[in-house]
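Shown here: query-v6.json, JSON, C-alpha atoms.
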[["chain", "number", "residue", "atom", "x", "y", "z"],
["A", 1, "MET", "CA", 0.00, 0.00, 0.00],
["A", 2, "GLU", "CA", 2.83, 2.38, -0.87],
["A", 3, "VAL", "CA", 0.52, 4.89, -2.59],
["A", 4, "PHE", "CA", -1.92, 4.84, 0.31],
["A", 5, "ASP", "CA", 0.92, 5.44, 2.80],
["A", 6, "GLN", "CA", 2.21, 8.28, 0.66],
["A", 7, "MET", "CA", -1.24, 9.89, 0.66],
["A", 8, "LEU", "CA", -1.47, 9.46, 4.43],
["A", 9, "SER", "CA", 1.91, 11.15, 4.90],
["A", 10, "ARG", "CA", 0.36, 14.50, 3.87],
["A", 11, "TYR", "CA", -1.43, 14.70, 7.20],
["A", 12, "ASN", "CA", -0.28, 15.75, 10.65],
["A", 13, "LEU", "CA", -1.47, 12.70, 12.59],
["A", 14, "GLN", "CA", -1.42, 13.13, 16.34],
["A", 15, "THR", "CA", -4.48, 11.24, 17.54],
["A", 16, "ASP", "CA", -6.57, 8.24, 16.58],
["A", 17, "ALA", "CA", -9.24, 10.66, 15.38],
["A", 18, "ASP", "CA", -6.68, 12.28, 13.07],
["A", 19, "VAL", "CA", -5.85, 8.89, 11.56],
["A", 20, "TYR", "CA", -9.51, 7.95, 11.18],
["A", 21, "ASN", "CA", -10.45, 11.24, 9.47],
["A", 22, "ALA", "CA", -7.40, 11.23, 7.21],
["A", 23, "THR", "CA", -7.99, 7.59, 6.22],
["A", 24, "ARG", "CA", -11.60, 8.34, 5.37],
["A", 25, "GLU", "CA", -10.58, 11.32, 3.24],
["A", 26, "ILE", "CA", -8.03, 9.23, 1.35],
["A", 27, "MET", "CA", -10.71, 6.61, 0.72],
["A", 28, "GLN", "CA", -12.93, 9.40, -0.63],
["A", 29, "GLU", "CA", -10.18, 10.47, -3.03],
["A", 30, "ILE", "CA", -9.64, 6.89, -4.20],
["A", 31, "THR", "CA", -13.39, 6.63, -4.79],
["A", 32, "LEU", "CA", -13.25, 9.78, -6.93],
["A", 33, "ALA", "CA", -10.38, 8.24, -8.90],
["A", 34, "GLY", "CA", -12.41, 5.10, -9.55],
["A", 35, "LEU", "CA", -15.42, 7.12, -10.65],
["A", 36, "TYR", "CA", -13.18, 9.11, -12.99],
["A", 37, "ARG", "CA", -11.83, 5.92, -14.59],
["A", 38, "GLY", "CA", -15.40, 4.74, -15.05],
["A", 39, "GLY", "CA", -16.41, 7.89, -16.92],
["A", 40, "PHE", "CA", -18.77, 9.09, -14.19],
["A", 41, "PHE", "CA", -17.71, 12.74, -14.48],
["A", 42, "ASN", "CA", -18.90, 12.88, -18.07],
["A", 43, "LYS", "CA", -22.39, 12.80, -16.60],
["A", 44, "ALA", "CA", -22.07, 14.24, -13.08],
["A", 45, "ALA", "CA", -20.36, 16.85, -10.93],
["A", 46, "PHE", "CA", -19.09, 16.81, -7.36],
["A", 47, "TYR", "CA", -20.53, 19.19, -4.76],
["A", 48, "GLY", "CA", -21.12, 19.49, -1.01],
["A", 49, "GLY", "CA", -18.88, 19.68, 2.04],
["A", 50, "THR", "CA", -16.41, 16.99, 0.96],
["A", 51, "CYS", "CA", -15.90, 18.76, -2.37],
["A", 52, "LEU", "CA", -15.21, 21.96, -0.45],
["A", 53, "ARG", "CA", -12.78, 20.13, 1.83],
["A", 54, "ILE", "CA", -10.79, 18.32, -0.87],
["A", 55, "PHE", "CA", -10.60, 21.01, -3.54],
["A", 56, "TYR", "CA", -11.05, 24.30, -1.72],
["A", 57, "LYS", "CA", -9.22, 23.52, 1.55],
["A", 58, "LEU", "CA", -12.14, 23.84, 3.95],
["A", 59, "ASP", "CA", -10.52, 23.13, 7.32],
["A", 60, "ARG", "CA", -12.98, 20.54, 8.55],
["A", 61, "PHE", "CA", -13.40, 16.89, 7.70],
["A", 62, "SER", "CA", -16.53, 15.74, 5.88],
["A", 63, "GLU", "CA", -18.27, 12.37, 5.73],
["A", 64, "ASP", "CA", -20.17, 11.87, 2.47],
["A", 65, "LEU", "CA", -19.62, 12.22, -1.27],
["A", 66, "ASP", "CA", -22.39, 14.19, -2.96],
["A", 67, "PHE", "CA", -22.86, 14.37, -6.71],
["A", 68, "SER", "CA", -25.30, 15.93, -9.13],
["A", 69, "LEU", "CA", -26.07, 14.78, -12.64],
["A", 70, "LEU", "CA", -25.43, 17.46, -15.24],
["A", 71, "GLN", "CA", -28.88, 16.80, -16.70],
["A", 72, "SER", "CA", -31.94, 15.16, -15.22],
["A", 73, "ASP", "CA", -32.05, 11.37, -15.70],
["A", 74, "LEU", "CA", -34.52, 9.65, -13.42],
["A", 75, "ASP", "CA", -33.44, 6.26, -14.79],
["A", 76, "PHE", "CA", -29.79, 6.78, -13.82],
["A", 77, "LYS", "CA", -28.17, 3.87, -11.96],
["A", 78, "PHE", "CA", -25.05, 3.98, -9.83],
["A", 79, "GLU", "CA", -24.21, 0.26, -10.08],
["A", 80, "PRO", "CA", -22.31, 0.38, -13.41],
["A", 81, "TYR", "CA", -19.65, 2.54, -11.74],
["A", 82, "PHE", "CA", -19.11, 0.26, -8.73],
["A", 83, "LYS", "CA", -16.74, -2.01, -10.64],
["A", 84, "SER", "CA", -14.25, 0.75, -11.46],
["A", 85, "VAL", "CA", -14.28, 2.02, -7.86],
["A", 86, "ILE", "CA", -13.67, -1.46, -6.45],
["A", 87, "ALA", "CA", -10.87, -1.98, -9.00],
["A", 88, "GLU", "CA", -9.21, 1.28, -7.96],
["A", 89, "PHE", "CA", -9.04, 0.16, -4.34],
["A", 90, "ALA", "CA", -7.89, -3.33, -5.36],
["A", 91, "ALA", "CA", -4.97, -1.81, -7.28],
["A", 92, "LEU", "CA", -3.80, -0.36, -3.95],
["A", 93, "GLY", "CA", -4.22, -3.67, -2.14],
["A", 94, "ILE", "CA", -7.45, -2.66, -0.39],
["A", 95, "ASP", "CA", -10.59, -4.79, -0.47],
["A", 96, "VAL", "CA", -13.87, -2.89, -0.36],
["A", 97, "GLU", "CA", -17.49, -3.66, -1.03],
["A", 98, "ILE", "CA", -20.22, -1.35, -2.25],
["A", 99, "ALA", "CA", -23.89, -1.83, -1.50],
["A", 100, "GLN", "CA", -26.73, 0.05, -3.11],
["A", 101, "LYS", "CA", -28.94, 1.66, -0.48],
["A", 102, "GLN", "CA", -32.50, 0.43, -0.75],
["A", 103, "LYS", "CA", -34.96, 3.30, -0.96],
["A", 104, "THR", "CA", -37.68, 3.42, 1.68],
["A", 105, "HIS", "CA", -39.45, 6.29, -0.05],
["A", 106, "VAL", "CA", -39.55, 7.89, -3.50],
["A", 107, "SER", "CA", -36.75, 10.40, -4.06],
["A", 108, "ASN", "CA", -34.41, 11.72, -6.74],
["A", 109, "ILE", "CA", -31.34, 10.56, -4.79],
["A", 110, "GLU", "CA", -29.44, 7.40, -5.65],
["A", 111, "SER", "CA", -27.34, 6.28, -2.65],
["A", 112, "ALA", "CA", -24.68, 3.66, -2.04],
["A", 113, "PHE", "CA", -22.31, 2.73, 0.79],
["A", 114, "LEU", "CA", -18.66, 1.77, 0.43],
["A", 115, "LYS", "CA", -16.80, 0.04, 3.24],
["A", 116, "GLN", "CA", -13.41, -1.61, 3.53],
["A", 117, "THR", "CA", -13.40, -5.30, 4.33],
["A", 118, "THR", "CA", -9.74, -5.53, 5.34],
["A", 119, "PRO", "CA", -7.72, -3.32, 7.74],
["A", 120, "ILE", "CA", -6.04, -0.44, 5.91],
["A", 121, "TYR", "CA", -4.56, 1.62, 8.71],
["A", 122, "THR", "CA", -0.86, 2.32, 8.82],
["A", 123, "LEU", "CA", -1.33, 3.57, 12.38],
["A", 124, "GLN", "CA", -3.45, 1.57, 14.76],
["A", 125, "ILE", "CA", -6.85, 2.94, 15.70],
["A", 126, "HIS", "CA", -7.59, 1.57, 19.12],
["A", 127, "ASP", "CA", -11.31, 1.05, 18.65],
["A", 128, "LYS", "CA", -10.70, -0.55, 15.22],
["A", 129, "LYS", "CA", -13.58, 1.24, 13.56],
["A", 130, "LYS", "CA", -14.28, 0.31, 9.99],
["A", 131, "ILE", "CA", -14.82, 3.25, 7.72],
["A", 132, "LYS", "CA", -18.01, 3.49, 5.69],
["A", 133, "ILE", "CA", -18.55, 6.17, 3.06],
["A", 134, "LYS", "CA", -21.94, 7.10, 1.71],
["A", 135, "PHE", "CA", -22.13, 8.56, -1.77],
["A", 136, "GLU", "CA", -25.22, 9.98, -3.37],
["A", 137, "VAL", "CA", -26.18, 11.40, -6.74],
["A", 138, "ASP", "CA", -29.08, 13.75, -7.42],
["A", 139, "THR", "CA", -30.75, 12.37, -10.53],
["A", 140, "ASN", "CA", -33.11, 15.34, -10.97],
["A", 141, "PRO", "CA", -30.96, 18.33, -10.03],
["A", 142, "PRO", "CA", -32.05, 21.95, -10.02],
["A", 143, "MET", "CA", -30.40, 23.74, -12.91],
["A", 144, "GLY", "CA", -28.55, 27.05, -13.06],
["A", 145, "PHE", "CA", -25.16, 25.82, -11.83],
["A", 146, "GLU", "CA", -21.74, 25.97, -13.47],
["A", 147, "ILE", "CA", -18.93, 23.44, -13.22],
["A", 148, "GLU", "CA", -15.16, 23.52, -13.44],
["A", 149, "ASN", "CA", -12.52, 20.80, -13.62],
["A", 150, "LYS", "CA", -10.41, 20.47, -10.47],
["A", 151, "LEU", "CA", -7.16, 18.52, -10.39],
["A", 152, "LEU", "CA", -6.25, 15.74, -7.95],
["A", 153, "LEU", "CA", -2.71, 14.36, -8.03],
["A", 154, "GLN", "CA", -3.21, 11.18, -6.01],
["A", 155, "PRO", "CA", -3.62, 8.26, -6.31],
["A", 156, "PHE", "CA", -2.80, 9.53, -9.86],
["A", 157, "SER", "CA", -3.42, 12.77, -11.73],
["A", 158, "PHE", "CA", -7.03, 13.21, -12.82],
["A", 159, "TYR", "CA", -9.75, 15.83, -13.12],
["A", 160, "VAL", "CA", -13.03, 15.96, -11.23],
["A", 161, "SER", "CA", -15.98, 18.03, -12.44],
["A", 162, "CYS", "CA", -17.03, 20.24, -9.53],
["A", 163, "PHE", "CA", -19.60, 22.92, -8.86],
["A", 164, "THR", "CA", -18.08, 26.40, -8.82],
["A", 165, "LEU", "CA", -17.70, 28.05, -5.42],
["A", 166, "SER", "CA", -20.67, 30.37, -5.97],
["A", 167, "ASP", "CA", -22.92, 27.40, -6.67],
["A", 168, "LEU", "CA", -21.48, 25.40, -3.78],
["A", 169, "PHE", "CA", -22.36, 28.37, -1.57],
["A", 170, "ALA", "CA", -25.89, 28.35, -2.95],
["A", 171, "GLY", "CA", -26.27, 24.66, -2.20],
["A", 172, "LYS", "CA", -24.94, 25.13, 1.32],
["A", 173, "MET", "CA", -27.37, 27.94, 2.07],
["A", 174, "HIS", "CA", -30.24, 25.81, 0.81],
["A", 175, "ALA", "CA", -29.18, 23.03, 3.19],
["A", 176, "LEU", "CA", -28.66, 25.48, 6.06],
["A", 177, "LEU", "CA", -32.09, 27.03, 5.67],
["A", 178, "PHE", "CA", -34.20, 24.02, 4.81],
["A", 179, "ARG", "CA", -32.42, 20.83, 5.91],
["A", 180, "GLN", "CA", -34.54, 18.60, 8.14],
["A", 181, "TRP", "CA", -32.11, 17.06, 10.64],
["A", 182, "LYS", "CA", -34.38, 15.72, 13.32],
["A", 183, "SER", "CA", -34.30, 17.85, 16.48],
["A", 184, "ARG", "CA", -30.61, 18.78, 16.28],
["A", 185, "VAL", "CA", -28.85, 21.58, 14.45],
["A", 186, "LYS", "CA", -26.13, 20.73, 11.94],
["A", 187, "GLY", "CA", -23.23, 22.88, 13.06],
["A", 188, "ARG", "CA", -21.26, 21.89, 9.98],
["A", 189, "ASP", "CA", -23.64, 24.00, 7.86],
["A", 190, "TRP", "CA", -22.92, 27.07, 9.98],
["A", 191, "TYR", "CA", -19.19, 26.38, 9.98],
["A", 192, "ASP", "CA", -19.20, 26.22, 6.18],
["A", 193, "PHE", "CA", -21.32, 29.38, 5.97],
["A", 194, "GLU", "CA", -18.70, 31.16, 8.06],
["A", 195, "TRP", "CA", -15.97, 29.85, 5.70],
["A", 196, "TYR", "CA", -17.73, 31.15, 2.60],
["A", 197, "VAL", "CA", -18.20, 34.62, 4.07],
["A", 198, "ARG", "CA", -14.62, 34.75, 5.39],
["A", 199, "ASN", "CA", -13.30, 33.81, 1.95],
["A", 200, "ARG", "CA", -15.56, 36.34, 0.23],
["A", 201, "VAL", "CA", -17.21, 33.78, -2.00],
["A", 202, "LYS", "CA", -20.09, 35.31, -3.93],
["A", 203, "LEU", "CA", -23.43, 33.54, -3.47],
["A", 204, "ASN", "CA", -25.25, 32.57, -6.67],
["A", 205, "LEU", "CA", -28.74, 33.60, -5.58],
["A", 206, "SER", "CA", -30.20, 32.41, -8.89],
["A", 207, "HIS", "CA", -29.08, 28.82, -8.27],
["A", 208, "PHE", "CA", -30.23, 29.01, -4.66],
["A", 209, "ALA", "CA", -33.68, 30.06, -5.94],
["A", 210, "GLU", "CA", -33.77, 27.12, -8.37],
["A", 211, "ARG", "CA", -33.02, 24.77, -5.48],
["A", 212, "ALA", "CA", -35.58, 26.37, -3.16],
["A", 213, "PHE", "CA", -38.24, 26.32, -5.90],
["A", 214, "GLN", "CA", -37.63, 22.64, -6.66],
["A", 215, "SER", "CA", -37.86, 21.78, -2.94],
["A", 216, "LYS", "CA", -41.10, 23.82, -2.74],
["A", 217, "HIS", "CA", -39.75, 26.30, -0.20],
["A", 218, "ILE", "CA", -40.50, 29.23, -2.51],
["A", 219, "PHE", "CA", -43.26, 29.56, -5.11],
["A", 220, "LYS", "CA", -41.25, 30.83, -8.09],
["A", 221, "ASN", "CA", -37.71, 30.16, -9.28],
["A", 222, "SER", "CA", -36.43, 33.64, -8.52],
["A", 223, "LEU", "CA", -35.69, 35.52, -5.33],
["A", 224, "ASN", "CA", -34.40, 38.95, -4.42],
["A", 225, "ARG", "CA", -31.71, 39.65, -1.86],
["A", 226, "GLU", "CA", -34.08, 41.19, 0.66],
["A", 227, "ASP", "CA", -36.30, 38.12, 0.80],
["A", 228, "PHE", "CA", -33.28, 35.85, 1.06],
["A", 229, "MET", "CA", -31.89, 37.86, 3.96],
["A", 230, "GLN", "CA", -35.27, 37.77, 5.69],
["A", 231, "MET", "CA", -35.33, 33.96, 5.48],
["A", 232, "LEU", "CA", -31.79, 33.78, 6.84],
["A", 233, "ASN", "CA", -32.51, 36.14, 9.72],
["A", 234, "GLU", "CA", -35.63, 34.19, 10.63],
["A", 235, "LYS", "CA", -33.62, 30.97, 10.62],
["A", 236, "MET", "CA", -31.00, 32.43, 12.95],
["A", 237, "GLU", "CA", -33.69, 33.27, 15.48],
["A", 238, "THR", "CA", -34.38, 29.53, 15.89],
["A", 239, "VAL", "CA", -30.81, 28.18, 16.14],
["A", 240, "ASP", "CA", -29.07, 27.05, 19.32],
["A", 241, "PHE", "CA", -25.53, 28.05, 18.36],
["A", 242, "LYS", "CA", -24.00, 26.32, 21.37],
["A", 243, "SER", "CA", -25.44, 23.02, 20.13],
["A", 244, "ALA", "CA", -24.24, 23.87, 16.62],
["A", 245, "ALA", "CA", -20.70, 24.37, 17.92],
["A", 246, "ASN", "CA", -20.82, 21.05, 19.79],
["A", 247, "GLU", "CA", -21.97, 19.20, 16.68],
["A", 248, "VAL", "CA", -19.11, 20.44, 14.50],
["A", 249, "SER", "CA", -16.39, 20.03, 17.15],
["A", 250, "VAL", "CA", -15.48, 16.44, 16.17],
["A", 251, "PHE", "CA", -14.81, 17.49, 12.57],
["A", 252, "ILE", "CA", -12.33, 20.31, 13.23],
["A", 253, "LYS", "CA", -8.85, 20.51, 14.71],
["A", 254, "ASN", "CA", -9.47, 23.45, 17.05],
["A", 255, "PRO", "CA", -13.02, 23.55, 18.45],
["A", 256, "SER", "CA", -12.22, 26.80, 20.30],
["A", 257, "VAL", "CA", -12.72, 28.69, 17.04],
["A", 258, "THR", "CA", -16.46, 28.32, 17.64],
["A", 259, "ASP", "CA", -16.30, 30.06, 21.02],
["A", 260, "ILE", "CA", -17.40, 33.28, 19.32],
["A", 261, "TRP", "CA", -20.53, 31.72, 17.85],
["A", 262, "SER", "CA", -23.79, 33.44, 18.75],
["A", 263, "LYS", "CA", -26.83, 34.85, 17.00],
["A", 264, "ASP", "CA", -25.24, 38.29, 16.96],
["A", 265, "TYR", "CA", -22.05, 36.92, 15.42],
["A", 266, "PHE", "CA", -23.87, 35.18, 12.59],
["A", 267, "THR", "CA", -26.14, 38.17, 12.06],
["A", 268, "GLN", "CA", -23.05, 40.26, 11.40],
["A", 269, "LEU", "CA", -21.63, 37.56, 9.12],
["A", 270, "ALA", "CA", -24.89, 37.52, 7.18],
["A", 271, "GLU", "CA", -24.56, 41.24, 6.54],
["A", 272, "MET", "CA", -21.21, 40.54, 4.87],
["A", 273, "ILE", "CA", -22.58, 38.10, 2.27],
["A", 274, "GLU", "CA", -21.61, 39.07, -1.25],
["A", 275, "PHE", "CA", -23.83, 38.10, -4.17],
["A", 276, "LYS", "CA", -22.85, 37.01, -7.64],
["A", 277, "GLU", "CA", -24.00, 39.42, -10.30],
["A", 278, "ILE", "CA", -26.17, 37.79, -12.94],
["A", 279, "SER", "CA", -25.08, 38.71, -16.46]]
Can the structure from this file be put into structure tokens for me?
Amino acid sequence: MEVFDQMLSRYNLQTDADVYNATREIMQEITLAGLYRGGFFNKAAFYGGTCLRIFYKLDRFSEDLDFSLLQSDLDFKFEPYFKSVIAEFAALGIDVEIAQKQKTHVSNIESAFLKQTTPIYTLQIHDKKKIKIKFEVDTNPPMGFEIENKLLLQPFSFYVSCFTLSDLFAGKMHALLFRQWKSRVKGRDWYDFEWYVRNRVKLNLSHFAERAFQSKHIFKNSLNREDFMQMLNEKMETVDFKSAANEVSVFIKNPSVTDIWSKDYFTQLAEMIEFKEIS
């Protein structure tokens, strides 16, 4: 597993959690390589928190791989790409299996789970957790997004089609405002929101509106800035930011960076949002 060890050497590994998170991220990158070999990125693009982590250096770890088809295809199946992903791991001496997730309700999301079936850790993880990665593809995506090719150099050099940052920001704000996550708050959404504002990424409000219209949270596929800001301010009134900080703490190196979190803090961040101009 020379290539795997080389990929692991990029990380500063001080704890078992560091090893676990780094190993999972490497497995995500190997999965992307397998999907590339299988031609998946001719039909789909990468988005979500893991995309932001791998290609845009978001400083938190992320769990899942999220993809969107470039055009709606409700008959799309993930299974034809499993073989190339499994082969990519096998070339590195790692045995994995992929299982299609059985749907319990009608949705536009195709899901699958990948897990390793043999130990792959260079450093011992005391609780010997096995890593499982969920990957999903939206087969009926909202339109209005742009993509760009981003380069990965390991396990070999290849390109991944990714949403642009402005469209990633739009998708994140849709999740932040409308995600149903039981009774808890997903602090990772607020951490990412903070990252986008800090890095002065411009929000593509048009793509956000397409997403919100498709999910039936607005009644037309357009939205002005004032209405967007009203929705965001109303959302912040309902959030327990202490719970949000606790939720994200296991995914970041220095949880103390969330000590400043409060409604007032995020209200001021919201006022700093920049919007992409529509040509």
Listing only residues of stretch 158-190 of chain A within 8 Å of stretch 41-61 of chain A, what is the closest atom pair and its distance in Å (to one decimal) for each, using all atoms listed in the file, sorted by chain and residue number ascending, as a Markdown table?
| residue | atom | partner | partner_atom | distance |
| --- | --- | --- | --- | --- |
| A:Val160 | CA | A:Phe41 | CA | 6.5 |
| A:Ser161 | CA | A:Ala45 | CA | 4.8 |
| A:Cys162 | CA | A:Phe46 | CA | 4.6 |
| A:Phe163 | CA | A:Tyr47 | CA | 5.6 |
| A:Leu168 | CA | A:Tyr47 | CA | 6.4 |
| A:Gly171 | CA | A:Gly48 | CA | 7.4 |
| A:Lys172 | CA | A:Gly48 | CA | 7.2 |
TODO: Considering all atoms listed in the file, return as a PyMOL selection string whatever protein or nucleic-acid residues lie within 12 Å of A:Val185, sequence-local ones (same chain, fewer than 4 positions apart) excluded.
DONE: chain A and resi 175-181+189-191+235-236+238-248
- [ ] Could you jot down the atom CA of A:Lys115 to atom CA of A:Lys77 separation for me, Å, one decimal place?
- [x] 19.4 Å
- [ ] Counting only C-alpha atoms, write as JSON, numbers by chain all protein and nucleic acid residues lying at most 9 Å from (-16.3, -7.0, -3.7) in the file's frame.
- [x] {"A": [83, 86, 95, 96, 97, 98, 117]}
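We find atom CA of A:Asp138 and atom CA of A:Ile109 to be spaced 4.7 Å apart.
Shortest separation to A:Gly144 among A:Phe158, A:Phe251, A:Phe208, A:Phe76 occurs at residue A:Phe208, atoms counted being all atoms listed in the file.
Between A:Asp66 and the residues A:Ser84, A:Gln14, A:Thr31, A:Gln6, the shortest atom-to-atom distance, using all atoms listed in the file, involves A:Thr31.
Atom pair atom CA of A:Asn254 / atom CA of A:Glu63 has a distance of 18.1 Å (rounded to one decimal).
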TODO: Considering all atoms listed in the file, state which residue in the set A:Arg200, A:His174, A:Lys101, A:Arg37 is at the smallest distance from A:Ala87.
DONE: A:Arg37
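Nearest residue to A:Lys216 among A:Glu194, A:Leu35, A:Leu203, A:Pro142 is A:Pro142, counting all atoms listed in the file.
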- [ ] Quick one: everything within 10 Å of A:Asp18, counting only C-alpha atoms, minus sequence neighbours fewer than 5 positions away in the same chain. Send it as a PyMOL selection string.
- [x] chain A and resi 11-13+23-24+61+125+251-253
TODO: Rank A:Arg225, A:Arg188, A:Lys130, A:Arg198 by their smallest atom-to-atom distance to A:Phe275, using only C-alpha atoms, and report the top residue only.
DONE: A:Arg225
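Closest to A:Asp192 among A:Val19, A:Leu151, A:Ala170, A:Met231 is A:Ala170, based on all atoms listed in the file.
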Open item on the list: Show me, as an MDAnalysis selection string, the residues that have an atom within 12 Å of A:Ser111 when counting only C-alpha atoms, minus same-chain residues fewer than 2 positions from it.
Closed with: chainID A and resid 64:68 76:79 82 98:104 107:109 113:114 133:139
With C-alpha atoms kept, could you save the residues just selected as a compact mmCIF listing (two decimals), in the coordinates of the input?
# COMPACT_ATOMS: atom_id res chain seq x y z
CA ASP A 64 -20.17 11.87 2.47
CA LEU A 65 -19.62 12.22 -1.27
CA ASP A 66 -22.39 14.19 -2.96
CA PHE A 67 -22.86 14.37 -6.71
CA SER A 68 -25.30 15.93 -9.13
CA PHE A 76 -29.79 6.78 -13.82
CA LYS A 77 -28.17 3.87 -11.96
CA PHE A 78 -25.05 3.98 -9.83
CA GLU A 79 -24.21 0.26 -10.08
CA PHE A 82 -19.11 0.26 -8.73
CA ILE A 98 -20.22 -1.35 -2.25
CA ALA A 99 -23.89 -1.83 -1.50
CA GLN A 100 -26.73 0.05 -3.11
CA LYS A 101 -28.94 1.66 -0.48
CA GLN A 102 -32.50 0.43 -0.75
CA LYS A 103 -34.96 3.30 -0.96
CA THR A 104 -37.68 3.42 1.68
CA SER A 107 -36.75 10.40 -4.06
CA ASN A 108 -34.41 11.72 -6.74
CA ILE A 109 -31.34 10.56 -4.79
CA PHE A 113 -22.31 2.73 0.79
CA LEU A 114 -18.66 1.77 0.43
CA ILE A 133 -18.55 6.17 3.06
CA LYS A 134 -21.94 7.10 1.71
CA PHE A 135 -22.13 8.56 -1.77
CA GLU A 136 -25.22 9.98 -3.37
CA VAL A 137 -26.18 11.40 -6.74
CA ASP A 138 -29.08 13.75 -7.42
CA THR A 139 -30.75 12.37 -10.53
Excluding A:Met7 and its own-chain neighbours fewer than 6 positions away, which residues fall within 8 Å of it when counting all atoms listed in the file? Please give them as a CSV table (one decimal) with C-alpha atoms, in the frame of the given file.
chain,number,residue,atom,x,y,z
A,26,ILE,CA,-8.0,9.2,1.4
A,154,GLN,CA,-3.2,11.2,-6.0
A,155,PRO,CA,-3.6,8.3,-6.3
- [ ] Extract, using only C-alpha atoms, all DNA, RNA and protein residues at most 8 Å from A:Ser72, discarding same-chain residues fewer than 3 positions from it, and format them as a PyMOL selection string.
- [x] chain A and resi 69+139-141
